[in-house]
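J.: I'd like to ask some things about the structure below.
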Amino acid sequence: ITPELKEFEAKALTAKEKTEELELKIYQAVKAEIRPEIPDMQKTARALAALDCIASLARAALKDRYTRPRITNSREGRISIQDGRHPMVEHALKREMFVPNDTELNHNDQEILVITGPNMAGKSTYMRQVAVLTIMAQTGSFIPAKSASFSPVDRIFTRVGATDDISTGQSTFMVEMQEVSHILRHATRNSLILLDEIGRGTSTYDGMSIARAVVEYIDRKIHGFTLFATHYHELSVMADESSHIKNYTVSVKERGKEITFLRRIVPGCADRSYGIHVARLAGLPESLLKRADEILQGLEEEGNNPAPVKSAPEKQASPGLDLFTSPIIEELAHMDVMSKTPIEAMEILFRLSKEAKEGR
Ligand SMILES: Nc1ncnc2c1ncn2[C@@H]1O[C@H](COP(=O)(O)OP(=O)(O)OP(=O)(O)O)[C@@H](O)[C@H]1O
Ligand SMILES: [Mg+2]
């Protein structure tokens with residue numbers, strides 16, 4: 001060993017520690033120097049972000065032919081859009097042209113729009129388009145439409161169907177109901193509400209009953225602008241019962257087994273969903289589709305399709321009656337009990353009880 005070597009050994013062994021110490025010291029010095037500038041830097045970052053956002057909207061406005069919406073401050077709310085387009089879907093389409101659509105929402109006769117139409121027709125796209133354009137207009141942006149005027153909304157509420165690929169999965173019926181409950185508790189007359197296929201995640205009768213009750217509740221208690229997409233075509237009867245509710249449908253052209261989606265939102269309601277047609281487009285096995293067609297025809301012939309929900313919403317003596325009329329209930333409803341002798345009444349009761357047990 002030599003003194004020089006010994007010295008070098010000490011240096012080598014402590015070098016790592018010393019580097020770290022030095023790094024920390026420099027790092028802390030830099031931090032101390034920056035600290036007073038942090039608020040300014042954050043302000044700059046925010047300004048740049050805002051500038052980026054505004055510049056991007058301006059660029060999109062120019063490139064994609066957006067127009068300036070009118071913001072009205074009238075107390076009577078109104079959303080009116082002519083030839084509106086969905087800014088993202090419009091971009092995503094490759095071969096097809098995006099079909100523009102009008103929207104009219106007001107508190108007189110178009111507060112709630114019930115939108116029916118085949119699968120894949122464009123209901124969800126249309127509803128989101130209205131929400132996106134409202135947000136854009138309210139942020140101060142130009143929007144993809146020929147012309148439009150908006151009165152500001154206080155909030156936008158959405159409930160998107162469990163089958164939707166945009167939602168992040170795990171959509172159980174409970175979650176759906178919790179969301180609907182939240183919407184009904186917080187929405188106001190000035191809100192925009194999108195309900196995409198409420199009541200899908202349970203049995204047809206349950207779902208349809210809930211869907212209808214939700215629309216009625218909004219119509220009577222909330223009065224917010226509502227777009228309601230559904231495959232329960234029976235719900236279109238609500239338009240006859242409230243002057244605020246209007247039916248809209250997405251038009252299709254049918255030629256034999258082929259249907260063409262026209263993507264036009266027009267007044268009226270659909271009578272079919274063409275689900276099997278869409279299943280065919282999706283590539284399900286032909287034998288399976290044939291079988292589905294058979295089953296559907298059978299059901300339609302038997303008349304086992306959900307009966308139209310009749311209207312007796314105010315009284316609600318027994319909501320089950322409307323949906324599940326049976327011969328027994330029919331007979332009871334029409335029976336003149338007072339004209340029967342006790343023996344006759346007993347006989348009838350005996351027979352009805354027997355029929356009920358046999359499941360009529
Ligand atoms: N206005 C439009 N112009 C052109 N293409 C459209 C338009 N609207 C929708 N599409 C296309 O149709 C597809 C299906 O639309 P969407 O999901 O809105 O249908 P839907 O009626 O909600 O169907 P489902 O009943 O199955 O939920 C979209 O992904 C889009 O590619
Ligand atoms: Mg949809």
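In the structure tokens, chains take letters A, B, ... by order of appearance, with residues numbered from 1 within each chain and ligands from 1 in the order shown.
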How would you report the residues lying within 9 Å of ligand 2, as a list in words, if you count only C-alpha atoms and all ligand atoms?
T.: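 Those residues are Asn119, Met120, Ala121, Gly122, Lys123, Ser124, Thr125, Val160, Gly161, Thr163, Asp164, Asp196, Glu197, Ala229 and Thr230 of chain A.
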J.: Could you pull out the residues in stretch 31-148 of chain A that DSSP calls strand (DSSP E or B) from the backbone, as a ChimeraX atom specification?
T.: /A:67,70-71,78-84,101-106,110,112-116,143,147-148
J.: Between atom CA of A:Ile265 and atom CA of A:Asp102, what is the distance in Å, rounded to a tenth?
T.: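 Separating atom CA of A:Ile265 from atom CA of A:Asp102 is a distance of 7.6 Å.
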J.: Which residues, written as a PyMOL selection string, have at least one atom at most 12 Å from A:Thr139, with only C-alpha atoms counted and residues fewer than 4 positions away on the same chain left out?
T.: chain A and resi 50+53-54+57+68-69+71+132-135+143+150+152-153
J.: Mind dumping the selected residues with N, CA, C and O atoms as a PDB file, in the first residue's frame?
T.:
```pdb
ATOM      1  N   ALA A  50     -55.314  27.723 -23.281  1.00  0.00           N
ATOM      2  CA  ALA A  50     -56.514  28.399 -23.780  1.00  0.00           C
ATOM      3  C   ALA A  50     -56.322  28.813 -25.234  1.00  0.00           C
ATOM      4  O   ALA A  50     -57.206  28.628 -26.081  1.00  0.00           O
ATOM      5  N   CYS A  53     -56.527  25.863 -27.432  1.00  0.00           N
ATOM      6  CA  CYS A  53     -57.914  25.442 -27.565  1.00  0.00           C
ATOM      7  C   CYS A  53     -58.668  26.351 -28.548  1.00  0.00           C
ATOM      8  O   CYS A  53     -59.313  25.885 -29.493  1.00  0.00           O
ATOM      9  N   ILE A  54     -58.524  27.649 -28.335  1.00  0.00           N
ATOM     10  CA  ILE A  54     -59.234  28.607 -29.196  1.00  0.00           C
ATOM     11  C   ILE A  54     -58.739  28.518 -30.634  1.00  0.00           C
ATOM     12  O   ILE A  54     -59.525  28.498 -31.589  1.00  0.00           O
ATOM     13  N   LEU A  57     -60.145  25.404 -32.236  1.00  0.00           N
ATOM     14  CA  LEU A  57     -61.555  25.565 -32.599  1.00  0.00           C
ATOM     15  C   LEU A  57     -61.673  26.455 -33.831  1.00  0.00           C
ATOM     16  O   LEU A  57     -62.481  26.206 -34.726  1.00  0.00           O
ATOM     17  N   ARG A  68     -71.269  30.579 -36.916  1.00  0.00           N
ATOM     18  CA  ARG A  68     -71.410  31.151 -35.581  1.00  0.00           C
ATOM     19  C   ARG A  68     -72.841  31.009 -35.086  1.00  0.00           C
ATOM     20  O   ARG A  68     -73.766  31.501 -35.718  1.00  0.00           O
ATOM     21  N   PRO A  69     -73.030  30.349 -33.950  1.00  0.00           N
ATOM     22  CA  PRO A  69     -74.395  30.202 -33.434  1.00  0.00           C
ATOM     23  C   PRO A  69     -74.839  31.488 -32.755  1.00  0.00           C
ATOM     24  O   PRO A  69     -74.005  32.282 -32.330  1.00  0.00           O
ATOM     25  N   ILE A  71     -76.505  33.078 -29.533  1.00  0.00           N
ATOM     26  CA  ILE A  71     -76.842  32.746 -28.153  1.00  0.00           C
ATOM     27  C   ILE A  71     -77.938  33.708 -27.729  1.00  0.00           C
ATOM     28  O   ILE A  71     -77.742  34.926 -27.748  1.00  0.00           O
ATOM     29  N   VAL A 132     -73.198  17.893 -28.082  1.00  0.00           N
ATOM     30  CA  VAL A 132     -71.874  18.422 -28.435  1.00  0.00           C
ATOM     31  C   VAL A 132     -72.003  19.845 -28.985  1.00  0.00           C
ATOM     32  O   VAL A 132     -71.248  20.743 -28.601  1.00  0.00           O
ATOM     33  N   LEU A 133     -72.985  20.056 -29.857  1.00  0.00           N
ATOM     34  CA  LEU A 133     -73.148  21.393 -30.431  1.00  0.00           C
ATOM     35  C   LEU A 133     -73.537  22.404 -29.354  1.00  0.00           C
ATOM     36  O   LEU A 133     -73.106  23.561 -29.384  1.00  0.00           O
ATOM     37  N   THR A 134     -74.343  21.947 -28.393  1.00  0.00           N
ATOM     38  CA  THR A 134     -74.739  22.850 -27.304  1.00  0.00           C
ATOM     39  C   THR A 134     -73.516  23.254 -26.485  1.00  0.00           C
ATOM     40  O   THR A 134     -73.329  24.429 -26.165  1.00  0.00           O
ATOM     41  N   ILE A 135     -72.681  22.268 -26.164  1.00  0.00           N
ATOM     42  CA  ILE A 135     -71.469  22.567 -25.391  1.00  0.00           C
ATOM     43  C   ILE A 135     -70.567  23.515 -26.180  1.00  0.00           C
ATOM     44  O   ILE A 135     -70.075  24.512 -25.663  1.00  0.00           O
ATOM     45  N   ILE A 143     -69.894  26.294 -34.701  1.00  0.00           N
ATOM     46  CA  ILE A 143     -70.350  24.898 -34.669  1.00  0.00           C
ATOM     47  C   ILE A 143     -70.645  24.363 -36.062  1.00  0.00           C
ATOM     48  O   ILE A 143     -70.941  25.120 -36.980  1.00  0.00           O
ATOM     49  N   PHE A 150     -79.133  29.121 -29.587  1.00  0.00           N
ATOM     50  CA  PHE A 150     -79.208  28.382 -28.323  1.00  0.00           C
ATOM     51  C   PHE A 150     -79.536  29.342 -27.196  1.00  0.00           C
ATOM     52  O   PHE A 150     -78.988  30.443 -27.144  1.00  0.00           O
ATOM     53  N   PRO A 152     -78.794  29.316 -23.215  1.00  0.00           N
ATOM     54  CA  PRO A 152     -77.855  28.506 -22.425  1.00  0.00           C
ATOM     55  C   PRO A 152     -78.567  27.458 -21.559  1.00  0.00           C
ATOM     56  O   PRO A 152     -79.659  27.703 -21.041  1.00  0.00           O
ATOM     57  N   VAL A 153     -77.954  26.285 -21.426  1.00  0.00           N
ATOM     58  CA  VAL A 153     -78.475  25.257 -20.527  1.00  0.00           C
ATOM     59  C   VAL A 153     -77.644  25.275 -19.249  1.00  0.00           C
ATOM     60  O   VAL A 153     -76.488  25.708 -19.264  1.00  0.00           O
TER      61      VAL A 153
END
```
J.: Within 9 Å of A:Asp64, counting only C-alpha atoms, which residues qualify if same-chain residues fewer than 5 places away don't, as a list in words?
T.: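 Surrounding residues, per the criterion: Arg59, Pro87 and Pro144 of chain A.
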J.: Go ahead and save the residues from that selection, with N, CA, C and O atoms, as a short mmCIF file (atom, residue, chain, number, x, y, z; two decimals), in the first residue's frame.
T.:
```cif
data_model
loop_
_atom_site.label_atom_id
_atom_site.label_comp_id
_atom_site.auth_asym_id
_atom_site.auth_seq_id
_atom_site.Cartn_x
_atom_site.Cartn_y
_atom_site.Cartn_z
N ARG A 59 -59.43 26.86 -36.14
CA ARG A 59 -58.94 26.12 -37.29
C ARG A 59 -60.01 25.15 -37.79
O ARG A 59 -60.28 25.05 -38.99
N PRO A 87 -69.38 16.65 -35.07
CA PRO A 87 -68.03 16.98 -35.52
C PRO A 87 -67.07 15.79 -35.57
O PRO A 87 -66.22 15.74 -36.46
N PRO A 144 -70.57 23.02 -36.21
CA PRO A 144 -70.88 22.42 -37.51
C PRO A 144 -72.40 22.40 -37.77
O PRO A 144 -73.07 21.45 -37.41
#
```
J.: Determine the nearest neighbour of ligand 1 from the options A:Gly207, A:Gly275, A:Gly140, A:Pro36, counting only C-alpha atoms and all ligand atoms.
T.: A:Gly275
J.: Nearest to ligand 1 among A:Glu21, A:Glu33, A:Asp40, A:Glu90, with distances taken over only C-alpha atoms and all ligand atoms: which residue is it?
T.: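 For ligand 1, the nearest of the candidates is A:Glu90.
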J.: Name the residues in contact with stretch 280-290 of chain A at a cut-off of 12 Å, using only C-alpha atoms, excluding same-chain residues fewer than 3 positions from it; report them as a VMD selection string.
T.: chain A and resid 119 to 120 257 to 260 274 to 277 293 to 297
J.: For A:Ser141, which of A:Met97, A:Ile210, A:Ile115, A:Leu62 is the closest residue, counting only C-alpha atoms?
T.: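 Counting only C-alpha atoms, the residue closest to A:Ser141 is A:Leu62.
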J.: So that I can check the secondary structure, give me every residue of stretch 122-296 of chain A assigned helix (DSSP H, G or I) by backbone DSSP, as a PyMOL selection string.
T.: chain A and resi 123-139+173-186+204-222+233-241+275-281+286-296
J.: Which one of A:Lys94, A:Arg263, A:Arg46, A:Arg35 sits closest to ligand 1 if you count only C-alpha atoms and all ligand atoms?
T.: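 Ranking A:Lys94, A:Arg263, A:Arg46, A:Arg35 by distance to ligand 1, first place goes to A:Arg263.
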J.: For A:Ile193, work out the shell of residues within 6 Å, counting only C-alpha atoms and skipping chain neighbours fewer than 6 positions away, then give it as a VMD selection string.
T.: chain A and resid 156 to 158 226
J.: For each of A:His182, A:Lys340, A:Arg264, A:Lys31, take the minimum atom-to-atom distance to ligand 1, counting only C-alpha atoms and all ligand atoms, then give the residue where this is smallest.
T.: A:Arg264
J.: Please list as a PyMOL selection string every residue within 7 Å of A:Leu262, counting only C-alpha atoms and excluding residues in the same chain fewer than 5 positions away.
T.: chain A and resi 251-253
